[in-house]
$ cat protein_0.txt   # compact mmCIF, C-alpha atoms
# COMPACT_ATOMS: atom_id res chain seq x y z
CA MET K 23 11.73 -20.56 15.59
CA ARG K 24 15.19 -22.14 15.22
CA ILE K 25 16.63 -24.09 12.31
CA PRO K 26 18.98 -26.90 13.34
CA VAL K 27 22.53 -26.40 12.12
CA ASP K 28 22.50 -29.64 10.15
CA ASN K 29 19.48 -28.40 8.17
CA ILE K 30 21.31 -25.34 6.85
CA ARG K 31 22.23 -25.94 3.22
CA SER K 32 25.57 -24.21 2.82
CA PRO K 33 25.32 -23.61 -0.97
CA SER K 34 21.98 -21.85 -0.50
CA ALA K 35 23.33 -19.95 2.43
CA VAL K 36 26.26 -18.76 0.34
CA ALA K 37 23.86 -17.78 -2.46
CA GLY K 38 21.80 -15.89 0.10
CA MET K 39 24.73 -13.67 1.03
CA VAL K 40 25.42 -12.05 -2.34
CA ARG K 41 28.63 -10.06 -1.96
CA GLY K 42 28.18 -10.23 1.79
CA VAL K 43 24.69 -8.68 1.72
CA PHE K 44 21.82 -10.58 3.31
CA TYR K 45 19.51 -11.77 0.53
CA GLY K 46 16.55 -10.18 2.28
CA TRP K 47 17.94 -6.75 1.43
CA TRP K 48 18.07 -7.67 -2.26
CA LEU K 49 14.39 -8.60 -1.94
CA VAL K 50 13.77 -5.19 -0.38
CA GLY K 51 15.20 -3.68 -3.57
CA ILE K 52 12.88 -5.82 -5.70
CA ALA K 53 9.93 -4.72 -3.57
CA VAL K 54 10.92 -1.07 -4.09
CA VAL K 55 10.82 -1.52 -7.87
CA LEU K 56 7.48 -3.36 -7.87
CA LEU K 57 5.83 -0.87 -5.52
CA THR K 58 7.17 2.07 -7.52
CA ILE K 59 5.49 0.78 -10.67
CA MET K 60 2.27 -0.02 -8.85
CA ALA K 61 2.23 3.35 -7.08
CA VAL K 62 2.64 5.53 -10.16
CA SER K 63 0.16 3.53 -12.25
CA VAL K 64 -2.50 2.43 -9.75
CA PHE K 65 -2.25 4.79 -6.77
CA GLN K 66 -0.36 8.06 -7.12
CA GLY K 67 -1.32 8.51 -10.76
CA LEU K 68 -5.07 8.09 -10.33
CA GLY K 69 -5.74 11.81 -10.39
CA THR K 70 -3.95 12.29 -13.72
CA PHE K 71 -5.98 9.49 -15.27
CA LEU K 72 -9.17 11.06 -13.89
CA VAL K 73 -8.38 14.41 -15.52
CA ALA K 74 -7.46 12.71 -18.82
CA LEU K 75 -10.65 10.65 -18.94
CA GLN K 76 -12.82 13.61 -18.01
CA THR K 77 -11.23 15.60 -20.84
CA GLU K 78 -11.56 12.74 -23.33
CA PHE K 79 -15.10 11.58 -22.58
CA GLY K 80 -16.69 14.35 -20.48
CA TRP K 81 -17.60 11.97 -17.66
CA SER K 82 -18.38 13.54 -14.27
CA ARG K 83 -16.06 13.06 -11.32
CA THR K 84 -18.75 11.11 -9.48
CA VAL K 85 -18.97 8.65 -12.37
CA LEU K 86 -15.20 8.32 -12.57
CA SER K 87 -14.96 7.84 -8.80
CA GLY K 88 -17.42 4.97 -9.16
CA ALA K 89 -14.76 2.80 -10.81
CA PHE K 90 -12.52 3.19 -7.80
CA SER K 91 -15.45 2.44 -5.49
CA LEU K 92 -16.28 -0.74 -7.37
CA SER K 93 -12.67 -1.85 -7.08
CA ARG K 94 -12.80 -1.25 -3.32
CA ALA K 95 -16.00 -3.30 -3.13
CA GLN K 96 -14.08 -6.10 -4.79
CA GLY K 97 -11.25 -5.54 -2.29
CA ALA K 98 -13.64 -5.64 0.67
CA VAL K 99 -14.93 -9.02 -0.43
CA LEU K 100 -11.65 -10.51 -1.61
CA GLY K 101 -9.16 -8.82 0.75
CA PRO K 102 -9.23 -11.56 3.41
CA ILE K 103 -9.22 -14.19 0.66
CA GLU K 104 -6.19 -12.54 -0.94
CA GLY K 105 -4.37 -12.67 2.39
CA TRP K 106 -5.29 -16.33 2.84
CA LEU K 107 -4.09 -17.13 -0.71
CA ILE K 108 -0.74 -15.47 0.01
CA ASP K 109 -0.28 -17.50 3.21
CA LYS K 110 -1.52 -20.67 1.49
CA PHE K 111 0.17 -20.64 -1.93
CA GLY K 112 3.16 -18.43 -1.27
CA ILE K 113 4.23 -14.91 -2.13
CA ARG K 114 6.09 -15.77 -5.34
CA ARG K 115 3.09 -17.28 -7.08
CA MET K 116 0.76 -14.49 -6.03
CA VAL K 117 3.15 -11.75 -7.18
CA LEU K 118 3.46 -13.43 -10.59
CA PHE K 119 -0.31 -13.82 -10.92
CA GLY K 120 -1.07 -10.32 -9.63
CA TYR K 121 1.32 -8.41 -11.88
CA CYS K 122 0.31 -10.40 -14.99
CA LEU K 123 -3.31 -9.54 -14.17
CA MET K 124 -2.42 -5.87 -13.70
CA ALA K 125 -0.75 -5.86 -17.11
CA PHE K 126 -3.85 -7.30 -18.74
CA GLY K 127 -5.97 -4.70 -16.97
CA PHE K 128 -3.85 -1.87 -18.38
CA LEU K 129 -4.14 -3.40 -21.84
CA MET K 130 -7.92 -3.25 -21.40
CA PHE K 131 -7.62 0.34 -20.11
CA SER K 132 -5.75 1.35 -23.28
CA GLN K 133 -8.70 0.14 -25.33
CA VAL K 134 -11.47 2.03 -23.50
CA GLY K 135 -13.74 3.42 -26.21
CA ASN K 136 -12.42 0.98 -28.83
CA SER K 137 -15.56 -1.01 -29.64
CA ASP K 138 -13.67 -3.47 -31.87
CA PHE K 139 -11.51 -4.68 -28.98
CA TRP K 140 -14.40 -5.05 -26.56
CA ASP K 141 -16.70 -6.70 -29.12
CA LEU K 142 -14.10 -9.36 -29.83
CA ARG K 143 -12.70 -9.92 -26.36
CA LEU K 144 -15.36 -9.03 -23.82
CA PHE K 145 -18.75 -9.89 -25.25
CA ARG K 146 -19.86 -6.53 -26.67
CA ILE K 147 -19.38 -4.13 -23.77
CA GLU K 148 -20.44 -0.99 -25.63
CA SER K 149 -20.47 1.62 -22.86
CA GLY K 150 -17.12 3.33 -22.51
CA ILE K 151 -17.60 3.95 -18.79
CA TRP K 152 -18.28 0.27 -18.15
CA GLN K 153 -15.21 -0.64 -20.18
CA PHE K 154 -13.19 1.62 -17.89
CA TYR K 155 -14.88 0.15 -14.80
CA ILE K 156 -14.05 -3.41 -15.83
CA ALA K 157 -10.46 -2.53 -16.73
CA PHE K 158 -9.89 -0.75 -13.43
CA ILE K 159 -11.38 -3.62 -11.41
CA VAL K 160 -9.00 -6.06 -13.17
CA ILE K 161 -6.06 -3.75 -12.40
CA SER K 162 -7.16 -3.50 -8.75
CA LEU K 163 -7.58 -7.26 -8.44
CA GLY K 164 -4.04 -7.74 -9.72
CA SER K 165 -2.58 -5.16 -7.36
CA GLY K 166 -4.53 -6.73 -4.48
CA THR K 167 -3.31 -10.26 -5.04
CA GLY K 168 0.30 -9.56 -5.98
CA GLY K 169 1.06 -6.04 -4.86
CA TRP K 170 1.33 -4.30 -1.52
CA LEU K 171 -0.02 -7.08 0.74
CA ALA K 172 2.15 -9.78 -0.81
CA LEU K 173 5.29 -7.63 -0.69
CA MET K 174 4.72 -6.56 2.92
CA SER K 175 4.27 -10.23 3.83
CA LEU K 176 7.62 -10.86 2.14
CA MET K 177 9.30 -8.22 4.30
CA ASN K 178 7.60 -9.55 7.43
CA ASN K 179 8.92 -13.04 6.67
CA TRP K 180 12.51 -12.00 6.03
CA PHE K 181 13.00 -9.56 8.91
CA VAL K 182 12.25 -9.47 12.66
CA ARG K 183 14.61 -7.08 14.48
CA GLN K 184 14.95 -4.85 11.41
CA ARG K 185 11.35 -5.25 10.29
CA SER K 186 10.33 -1.60 10.48
CA LEU K 187 13.39 -0.44 8.54
CA ALA K 188 12.89 -3.13 5.88
CA ILE K 189 9.21 -2.31 5.47
CA ALA K 190 9.92 1.43 5.39
CA THR K 191 12.63 0.95 2.78
CA SER K 192 10.46 -1.25 0.57
CA MET K 193 7.57 1.20 0.90
CA SER K 194 9.80 3.95 -0.45
CA GLY K 195 8.58 2.59 -3.78
CA ILE K 196 5.22 4.20 -3.05
CA HIS K 197 6.91 7.59 -2.84
CA LEU K 198 9.26 6.93 -5.74
CA GLY K 199 6.09 6.31 -7.71
CA GLY K 200 5.01 9.79 -6.68
CA LEU K 201 8.24 11.15 -8.17
CA LEU K 202 7.17 9.68 -11.51
CA VAL K 203 3.70 11.27 -11.51
CA PRO K 204 4.94 14.35 -13.44
CA ALA K 205 6.40 11.98 -16.04
CA LEU K 206 3.10 10.11 -16.20
CA ALA K 207 1.22 13.40 -16.61
CA PHE K 208 3.66 14.47 -19.33
CA GLY K 209 3.18 11.16 -21.14
CA ILE K 210 -0.59 11.52 -21.03
CA GLU K 211 -0.41 15.13 -22.25
CA MET K 212 1.96 14.22 -25.11
CA TYR K 213 0.69 10.79 -26.22
CA GLY K 214 -2.73 10.36 -24.62
CA PHE K 215 -3.86 7.89 -22.01
CA ARG K 216 -4.16 5.02 -24.53
CA TRP K 217 -0.49 4.79 -25.50
CA THR K 218 0.57 5.49 -21.92
CA THR K 219 -1.48 2.65 -20.43
CA PHE K 220 -0.48 0.31 -23.28
CA GLY K 221 3.18 1.01 -22.48
CA ILE K 222 2.58 0.25 -18.79
CA ALA K 223 1.04 -3.12 -19.73
CA ILE K 224 4.01 -4.14 -21.87
CA PHE K 225 6.50 -3.04 -19.21
CA LEU K 226 4.74 -5.07 -16.50
CA TRP K 227 4.77 -8.23 -18.59
CA ALA K 228 8.45 -7.78 -19.43
CA LEU K 229 9.41 -7.23 -15.78
CA ILE K 230 7.54 -9.86 -13.82
CA LEU K 231 9.17 -13.10 -15.07
CA PRO K 232 12.75 -12.20 -14.04
CA VAL K 233 11.37 -10.87 -10.74
CA TYR K 234 9.55 -14.16 -10.15
CA ALA K 235 12.79 -16.08 -10.63
CA MET K 236 14.48 -14.03 -7.90
CA LEU K 237 11.76 -14.07 -5.24
CA ARG K 238 11.82 -16.46 -2.26
CA ASN K 239 8.93 -16.72 0.18
CA LYS K 240 10.99 -16.83 3.37
CA PRO K 241 14.65 -17.07 4.44
CA GLU K 242 14.24 -20.69 5.50
CA ASP K 243 13.72 -21.56 1.81
CA MET K 244 17.39 -20.67 1.28
CA GLY K 245 18.69 -22.14 4.53
CA LEU K 246 18.84 -18.69 6.11
CA LEU K 247 17.32 -17.03 9.15
CA PRO K 248 15.50 -13.67 9.41
CA ASP K 249 17.73 -10.58 9.52
CA GLY K 250 20.65 -12.64 8.14
CA ASP K 251 21.38 -14.29 11.50
CA ARG K 252 23.38 -17.51 11.62
CA PRO K 253 22.22 -20.26 13.99
CA GLY K 254 25.43 -20.14 16.02
CA ALA K 255 25.26 -16.36 16.33
CA ARG K 256 21.57 -16.19 17.16
CA ARG K 257 22.02 -16.05 20.95
CA GLN K 258 24.64 -13.30 20.78
CA SER K 259 22.46 -11.36 18.33
CA GLU K 260 19.50 -11.57 20.67
CA GLN K 261 21.58 -10.34 23.59
CA ARG K 262 22.74 -7.32 21.60
CA ALA K 263 19.20 -6.50 20.44
CA THR K 264 17.67 -6.07 23.87
CA HIS K 265 15.52 -3.22 22.59
CA SER K 266 13.38 -5.54 20.43
CA ALA K 267 11.70 -8.91 20.74
CA ALA K 268 13.80 -11.82 19.57
CA GLU K 269 12.30 -14.15 17.01
CA ASP K 270 11.90 -17.01 19.51
CA ASN K 271 9.85 -14.75 21.80
CA GLU K 272 7.79 -13.01 19.11
CA PRO K 273 4.10 -13.93 19.34
CA GLU K 274 2.67 -16.07 16.55
CA PHE K 275 -1.06 -15.35 16.34
CA THR K 276 -3.48 -17.14 14.09
CA ALA K 277 -6.06 -14.97 12.34
CA ARG K 278 -8.72 -16.15 14.79
CA GLN K 279 -6.57 -15.26 17.79
CA ALA K 280 -5.74 -11.82 16.38
CA LEU K 281 -9.43 -11.01 15.88
CA ARG K 282 -10.02 -11.60 19.58
CA THR K 283 -7.58 -8.89 20.65
CA ARG K 284 -8.35 -5.25 21.36
CA ALA K 285 -5.18 -4.19 19.53
CA PHE K 286 -6.40 -5.65 16.22
CA TRP K 287 -9.57 -3.56 16.23
CA ILE K 288 -7.90 -0.33 17.37
CA LEU K 289 -5.27 -0.66 14.66
CA THR K 290 -7.98 -1.45 12.11
CA VAL K 291 -9.95 1.69 12.98
CA VAL K 292 -6.83 3.89 13.04
CA HIS K 293 -5.68 2.50 9.70
CA MET K 294 -9.13 3.11 8.21
CA SER K 295 -9.29 6.69 9.49
CA SER K 296 -6.02 7.58 7.78
CA SER K 297 -6.21 5.42 4.66
CA VAL K 298 -9.57 6.55 3.28
CA SER K 299 -8.28 10.11 3.07
CA ILE K 300 -5.10 9.04 1.27
CA VAL K 301 -6.91 7.08 -1.43
CA THR K 302 -9.44 9.87 -1.87
CA LEU K 303 -6.67 12.43 -2.28
CA ALA K 304 -4.92 10.12 -4.74
CA LEU K 305 -8.01 10.43 -6.92
CA HIS K 306 -9.18 13.99 -6.20
CA LEU K 307 -6.08 16.01 -5.30
CA ALA K 308 -5.05 16.67 -8.91
CA PRO K 309 -8.56 17.88 -9.86
CA LYS K 310 -8.61 20.05 -6.71
CA LEU K 311 -5.28 21.63 -7.62
CA THR K 312 -6.26 22.20 -11.25
CA ASP K 313 -9.46 23.87 -9.99
CA MET K 314 -7.16 26.23 -8.07
CA GLY K 315 -5.61 27.30 -11.38
CA MET K 316 -2.65 24.92 -11.58
CA SER K 317 -1.83 22.95 -14.74
CA LEU K 318 -1.90 19.16 -14.69
CA SER K 319 1.91 19.14 -14.66
CA GLY K 320 1.84 21.70 -11.81
CA ALA K 321 -0.47 19.45 -9.82
CA GLY K 322 1.99 16.63 -10.43
CA THR K 323 4.71 18.88 -9.00
CA ILE K 324 2.80 19.15 -5.70
CA VAL K 325 2.77 15.35 -5.58
CA LEU K 326 6.49 15.45 -6.35
CA ILE K 327 7.16 17.85 -3.46
CA TYR K 328 5.36 15.86 -0.79
CA THR K 329 6.94 12.69 -2.15
CA LEU K 330 10.44 14.15 -1.84
CA LEU K 331 9.65 14.94 1.79
CA ALA K 332 7.99 11.58 2.43
CA LEU K 333 11.02 9.57 1.32
CA PRO K 334 13.53 10.64 4.02
CA THR K 335 10.72 10.74 6.59
CA GLN K 336 9.86 7.14 5.81
CA PHE K 337 13.44 5.95 6.30
CA ALA K 338 13.73 7.94 9.52
CA ALA K 339 10.42 6.54 10.78
CA GLY K 340 11.52 2.97 10.05
CA TRP K 341 14.83 3.48 11.84
CA LEU K 342 13.17 5.11 14.85
CA ALA K 343 10.40 2.52 15.08
CA ASP K 344 12.94 -0.28 15.61
CA ARG K 345 14.16 1.67 18.66
CA MET K 346 11.15 3.55 20.05
CA PRO K 347 7.49 2.79 20.86
CA LYS K 348 5.57 2.70 17.59
CA PRO K 349 2.19 4.01 18.87
CA THR K 350 3.62 7.42 19.79
CA LEU K 351 5.37 7.79 16.45
CA ILE K 352 2.23 6.78 14.55
CA PHE K 353 0.20 9.34 16.53
CA ILE K 354 2.55 12.15 15.47
CA PHE K 355 2.56 11.22 11.79
CA ILE K 356 -1.21 10.75 11.46
CA LEU K 357 -1.81 14.04 13.29
CA LEU K 358 0.42 15.87 10.79
CA GLN K 359 -1.39 14.20 7.92
CA GLY K 360 -4.74 15.32 9.29
CA VAL K 361 -3.63 18.92 9.76
CA ALA K 362 -2.31 18.99 6.18
CA ILE K 363 -5.64 17.81 4.76
CA MET K 364 -7.49 20.45 6.79
CA ILE K 365 -5.22 23.11 5.26
CA ILE K 366 -5.92 22.07 1.65
CA ALA K 367 -9.64 21.85 2.48
CA VAL K 368 -9.94 25.49 3.56
CA SER K 369 -7.50 27.17 1.17
CA ASP K 370 -7.41 27.83 -2.58
CA GLN K 371 -4.03 29.56 -2.58
CA ILE K 372 -0.99 28.04 -4.28
CA PHE K 373 1.20 28.96 -1.30
CA MET K 374 -1.04 26.94 1.03
CA ALA K 375 -0.80 24.01 -1.35
CA LEU K 376 2.95 24.10 -0.70
CA ILE K 377 2.35 24.10 3.07
CA PHE K 378 0.03 21.14 2.56
CA ALA K 379 2.75 19.32 0.63
CA LEU K 380 5.25 19.93 3.46
CA LEU K 381 3.07 18.59 6.28
CA TYR K 382 1.41 15.86 4.23
CA GLY K 383 4.74 14.54 3.01
CA ILE K 384 6.05 14.13 6.55
CA GLY K 385 2.83 12.61 7.91
CA PHE K 386 2.16 10.40 4.90
CA GLY K 387 5.76 9.21 4.76
CA GLY K 388 5.98 8.21 8.40
CA ARG K 389 2.52 6.71 8.83
CA ILE K 390 2.51 4.12 6.06
CA PRO K 391 5.35 1.76 7.10
CA LEU K 392 4.66 1.92 10.83
CA LEU K 393 1.02 0.87 10.63
CA THR K 394 2.21 -2.20 8.74
CA SER K 395 5.27 -3.11 10.81
CA ILE K 396 3.34 -2.82 14.08
CA ARG K 397 1.07 -5.67 12.90
CA GLY K 398 4.13 -7.86 12.36
CA GLU K 399 5.49 -6.93 15.79
CA TYR K 400 2.17 -7.56 17.53
CA PHE K 401 0.98 -10.67 15.63
CA GLY K 402 4.11 -12.35 14.21
CA ARG K 403 4.85 -14.08 10.89
CA LYS K 404 2.53 -17.09 10.99
CA ALA K 405 -0.62 -15.56 9.47
CA PHE K 406 0.48 -12.01 8.70
CA ALA K 407 -1.11 -11.77 5.24
CA THR K 408 -4.43 -13.18 6.44
CA ILE K 409 -4.50 -10.85 9.45
CA MET K 410 -3.68 -7.85 7.26
CA GLY K 411 -6.32 -8.90 4.74
CA LEU K 412 -8.96 -9.10 7.45
CA SER K 413 -7.86 -5.76 8.86
CA GLN K 414 -8.16 -4.19 5.40
CA MET K 415 -11.80 -5.26 4.98
CA PRO K 416 -13.28 -2.25 6.89
CA ASN K 417 -10.80 -0.04 5.00
CA ASN K 418 -12.02 -1.29 1.67
CA ILE K 419 -15.67 -0.95 2.63
CA CYS K 420 -15.11 2.70 3.55
CA MET K 421 -13.10 3.22 0.37
CA ILE K 422 -16.16 2.22 -1.63
CA PHE K 423 -17.92 5.37 -0.48
CA ALA K 424 -15.10 7.86 0.25
CA PRO K 425 -14.15 8.77 -3.36
CA LEU K 426 -17.82 8.75 -4.37
CA PHE K 427 -18.61 11.06 -1.46
CA ALA K 428 -15.85 13.46 -2.52
CA GLY K 429 -16.90 13.39 -6.16
CA PHE K 430 -20.59 13.81 -5.34
CA MET K 431 -19.96 16.74 -2.99
CA PHE K 432 -17.88 18.46 -5.64
CA ASP K 433 -20.51 17.92 -8.34
CA THR K 434 -23.18 19.20 -5.90
CA THR K 435 -21.41 22.16 -4.28
CA GLY K 436 -18.62 22.95 -6.74
CA THR K 437 -15.97 22.59 -4.01
CA TYR K 438 -14.04 19.90 -2.15
CA PHE K 439 -14.27 21.71 1.21
CA ILE K 440 -16.77 19.38 2.91
CA PRO K 441 -15.16 16.02 2.01
CA PHE K 442 -11.58 17.21 2.59
CA ALA K 443 -12.42 18.79 5.96
CA PHE K 444 -14.23 15.62 7.00
CA PHE K 445 -11.26 13.42 6.11
CA GLY K 446 -8.84 15.77 7.89
CA LEU K 447 -10.90 15.56 11.08
CA LEU K 448 -11.10 11.78 10.76
CA ASN K 449 -7.29 11.62 10.66
CA ILE K 450 -6.97 13.72 13.80
CA LEU K 451 -9.43 11.52 15.71
CA GLY K 452 -7.62 8.40 14.55
CA ALA K 453 -4.30 9.82 15.72
CA PHE K 454 -5.55 10.21 19.28
CA LEU K 455 -7.10 6.73 19.24
CA MET K 456 -3.64 5.34 18.43
CA LEU K 457 -2.50 6.31 21.92
CA ALA K 458 -4.84 3.66 23.36
CA VAL K 459 -3.28 0.65 21.63
CA LYS K 460 -1.16 -1.84 23.60
CA ARG K 461 0.75 -4.95 22.57
CA PRO K 462 -1.56 -8.02 22.73
CA GLN K 463 -0.68 -11.29 24.41
CA VAL K 464 -1.67 -14.73 23.17
CA GLY K 465 -3.39 -15.25 26.51
CA GLU K 466 -5.62 -12.25 25.79
CA ALA K 467 -6.90 -13.98 22.66
CA ALA K 468 -7.55 -17.17 24.61
CA ARG K 469 -9.66 -15.31 27.21
CA ALA K 470 -11.64 -13.25 24.67
CA PRO K 471 -15.07 -14.33 23.35
CA SER K 472 -14.84 -16.63 20.37
CA VAL K 473 -14.83 -15.17 16.84
CA GLN K 474 -15.17 -17.53 13.92
CA PRO K 475 -13.34 -16.41 10.78
CA ALA K 476 -11.25 -18.79 8.71
CA ASP K 477 -7.60 -18.88 9.76

$ encode --input "protein_0.txt" --output "structure tokens"
Amino acid sequence: MRIPVDNIRSPSAVAGMVRGVFYGWWLVGIAVVLLTIMAVSVFQGLGTFLVALQTEFGWSRTVLSGAFSLSRAQGAVLGPIEGWLIDKFGIRRMVLFGYCLMAFGFLMFSQVGNSDFWDLRLFRIESGIWQFYIAFIVISLGSGTGGWLALMSLMNNWFVRQRSLAIATSMSGIHLGGLLVPALAFGIEMYGFRWTTFGIAIFLWALILPVYAMLRNKPEDMGLLPDGDRPGARRQSEQRATHSAAEDNEPEFTARQALRTRAFWILTVVHMSSSVSIVTLALHLAPKLTDMGMSLSGAGTIVLIYTLLALPTQFAAGWLADRMPKPTLIFIFILLQGVAIMIIAVSDQIFMALIFALLYGIGFGGRIPLLTSIRGEYFGRKAFATIMGLSQMPNNICMIFAPLFAGFMFDTTGTYFIPFAFFGLLNILGAFLMLAVKRPQVGEAARAPSVQPAD
């Protein structure tokens, strides 16, 4: 897509090049901050909350895992709708709504067990576990509507040639959140989960309004082009970037067209095979490590180690993926992730936990951005959020049962061996399936049998 020169608003264009830096890179920085907060509070820190709640209330790990499963059931139903809402109403509005909702959810979380709050606000929900379930579902709904999917859509809109690097850089927030897990664990140990979650709620509300003022849905809103290209320089830029598809030649699939391609379904299965293990480990790794004799802070240190490794790996993966075939790189990273999970499944030694952290950090760090950027490369910008939302539906369905399965097997057998070994094998199978994916063509979607989702 080209923007005529006379449609470029020079004041906006000047504003978009703050100190000579393309405005899209400032948005990458904003995405890093937002994903860092979401990662430490909603994703990477789940295990610390699980241990704190089990200590406080004595709930079983199966019961605690049920809250996460309910949130994934909500995500399975609403995931495609969330993607459609992002494409329909814009990223800015959905980020504002999502993070305000997350803040309210954490306020509810801080009041779990406080009957006065729930009697007044939520119609006499007396059971503490149901209070936690409702709070966590609200948090998950907020992160679904305004978190990862919205921010990845933002990166996909603002970058084409440098898409993988931009997505990888923004996703470093996920790993920076991991760096803060020891701080989160320390806060819970010192002040309890109530004051910690209350502080998260206040911080989210204080942050989101200035962030909203800075966000822009796409570069065209500021009279700019993706990657910071100028209309007059576009042809020269395309000639220099012969290794990647130029914007004019990038396919623009609708959601319906994407669903008719073989690539969509292979990527969906591969993503599912690797994601269900990650979310299960986010919830059950800290309990597994404490069962091995580590303290809660020590378990947070393992998260810190694999996060420190994941960060440079993620940047390297993003840089390489803009220059090399993505399927091969994704195969390598998912394979390493699977081997790491197999190691932690069969070992109860602290030294092997360190080996796990080494391999998992590299695999986890490289896998995450590439499975997202390859969707943008294969399906374009037109309906990216909707396509990703549809692709996440099988993920979310499996995530309903994966943490429950892990918690149930632990409560039944007293060990995580069976669920962890299963998820490690699933990763390895998914890695080899990745070698079968090929870039789809719009003509392929036209020839395929009709599928009837909403675009």

$ residues_around --input "protein_0.txt" --residues "Ser319 of chain K" --least-positions-apart "5" --cutoff "7 Å" --atoms "all atoms listed in the file" --output "list in words"
Pro204, Ala207 and Phe208 of chain K

$ residues_around --input "protein_0.txt" --residues "Arg185 of chain K" --least-positions-apart "3" --cutoff "8 Å" --atoms "all atoms listed in the file" --output "compact mmCIF listing (two decimals) with C-alpha atoms, keeping the file's coordinate frame"
# COMPACT_ATOMS: atom_id res chain seq x y z
CA MET K 177 9.30 -8.22 4.30
CA ASN K 178 7.60 -9.55 7.43
CA PHE K 181 13.00 -9.56 8.91
CA VAL K 182 12.25 -9.47 12.66
CA ALA K 188 12.89 -3.13 5.88
CA ILE K 189 9.21 -2.31 5.47
CA ASP K 344 12.94 -0.28 15.61
CA SER K 395 5.27 -3.11 10.81
CA GLY K 398 4.13 -7.86 12.36

$ atom_distance --input "protein_0.txt" --atom1 "atom CA of Gln184 of chain K" --atom2 "atom CA of Glu104 of chain K"
25.7 Å

$ atom_distance --input "protein_0.txt" --atom1 "atom CA of Thr312 of chain K" --atom2 "atom CA of Thr329 of chain K"
18.6 Å

$ closest_residue --input "protein_0.txt" --among "K:Thr323, K:Ser132, K:Ser295, K:Asn179" --to "Gly46 of chain K" --atoms "all atoms listed in the file"
K:Asn179

$ residues_around --input "protein_0.txt" --residues "Gly387 of chain K" --least-positions-apart "6" --cutoff "7 Å" --atoms "only C-alpha atoms" --output "list in words"
Ala332, Leu333, Thr335 and Gln336 of chain K

$ closest_residue --input "protein_0.txt" --among "K:Thr70, K:Thr283, K:Thr276, K:Thr77" --to "Ala205 of chain K" --atoms "all atoms listed in the file"
K:Thr70

$ residues_around --input "protein_0.txt" --residues "Ser192 of chain K" --least-positions-apart "4" --cutoff "10 Å" --atoms "only C-alpha atoms" --output "list in words"
Trp47, Leu49, Val50, Gly51, Ile52, Ala53, Val54, Val55, Leu56, Leu57, Thr58, Trp170, Leu173, Met174, Met177, Ser186, Leu187, Ala188, Ile196, Gln336, Phe337 and Pro391 of chain K

$ write_last_selection --input "protein_0.txt" --atoms "C-alpha atoms" --output "short mmCIF file (atom, residue, chain, number, x, y, z; two decimals), keeping the file's coordinate frame"
data_model
loop_
_atom_site.label_atom_id
_atom_site.label_comp_id
_atom_site.auth_asym_id
_atom_site.auth_seq_id
_atom_site.Cartn_x
_atom_site.Cartn_y
_atom_site.Cartn_z
CA TRP K 47 17.94 -6.75 1.43
CA LEU K 49 14.39 -8.60 -1.94
CA VAL K 50 13.77 -5.19 -0.38
CA GLY K 51 15.20 -3.68 -3.57
CA ILE K 52 12.88 -5.82 -5.70
CA ALA K 53 9.93 -4.72 -3.57
CA VAL K 54 10.92 -1.07 -4.09
CA VAL K 55 10.82 -1.52 -7.87
CA LEU K 56 7.48 -3.36 -7.87
CA LEU K 57 5.83 -0.87 -5.52
CA THR K 58 7.17 2.07 -7.52
CA TRP K 170 1.33 -4.30 -1.52
CA LEU K 173 5.29 -7.63 -0.69
CA MET K 174 4.72 -6.56 2.92
CA MET K 177 9.30 -8.22 4.30
CA SER K 186 10.33 -1.60 10.48
CA LEU K 187 13.39 -0.44 8.54
CA ALA K 188 12.89 -3.13 5.88
CA ILE K 196 5.22 4.20 -3.05
CA GLN K 336 9.86 7.14 5.81
CA PHE K 337 13.44 5.95 6.30
CA PRO K 391 5.35 1.76 7.10
#

$ residues_around --input "protein_0.txt" --residues "Tyr121 of chain K" --least-positions-apart "4" --cutoff "7 Å" --atoms "all atoms listed in the file" --output "PyMOL selection string"
chain K and resi 117+125+164-165+168+226+230

$ atom_distance --input "protein_0.txt" --atom1 "atom CA of Gly67 of chain K" --atom2 "atom CA of Thr302 of chain K"
12.1 Å

$ closest_residue --input "protein_0.txt" --among "K:Gln279, K:Gln414, K:Gln133, K:Gln66" --to "Gly200 of chain K" --atoms "all atoms listed in the file"
K:Gln66

$ axis_aligned_box --input "protein_0.txt" --around "segment 397-416 of chain K" --padding-each-side "6 Å" --output "JSON"
{"center_x": -3.9, "center_y": -9.7, "center_z": 11.1, "size_x": 30.8, "size_y": 26.8, "size_z": 24.8}

$ build_atoms --input "protein_0.txt" --residues "segment 453-457 of chain K" --atoms "N, CA and C atoms" --output "PDB file, in the coordinates of the input"
ATOM      1  N   ALA K 453      -5.606   9.637  15.082  1.00  0.00           N
ATOM      2  CA  ALA K 453      -4.300   9.820  15.720  1.00  0.00           C
ATOM      3  C   ALA K 453      -4.403   9.679  17.228  1.00  0.00           C
ATOM      4  N   PHE K 454      -5.403  10.301  17.826  1.00  0.00           N
ATOM      5  CA  PHE K 454      -5.550  10.210  19.280  1.00  0.00           C
ATOM      6  C   PHE K 454      -5.964   8.807  19.722  1.00  0.00           C
ATOM      7  N   LEU K 455      -6.735   8.110  18.899  1.00  0.00           N
ATOM      8  CA  LEU K 455      -7.100   6.730  19.240  1.00  0.00           C
ATOM      9  C   LEU K 455      -5.869   5.837  19.278  1.00  0.00           C
ATOM     10  N   MET K 456      -4.860   6.149  18.474  1.00  0.00           N
ATOM     11  CA  MET K 456      -3.640   5.340  18.430  1.00  0.00           C
ATOM     12  C   MET K 456      -2.951   5.279  19.786  1.00  0.00           C
ATOM     13  N   LEU K 457      -3.146   6.293  20.611  1.00  0.00           N
ATOM     14  CA  LEU K 457      -2.500   6.310  21.920  1.00  0.00           C
ATOM     15  C   LEU K 457      -3.078   5.267  22.866  1.00  0.00           C
TER      16      LEU K 457
END
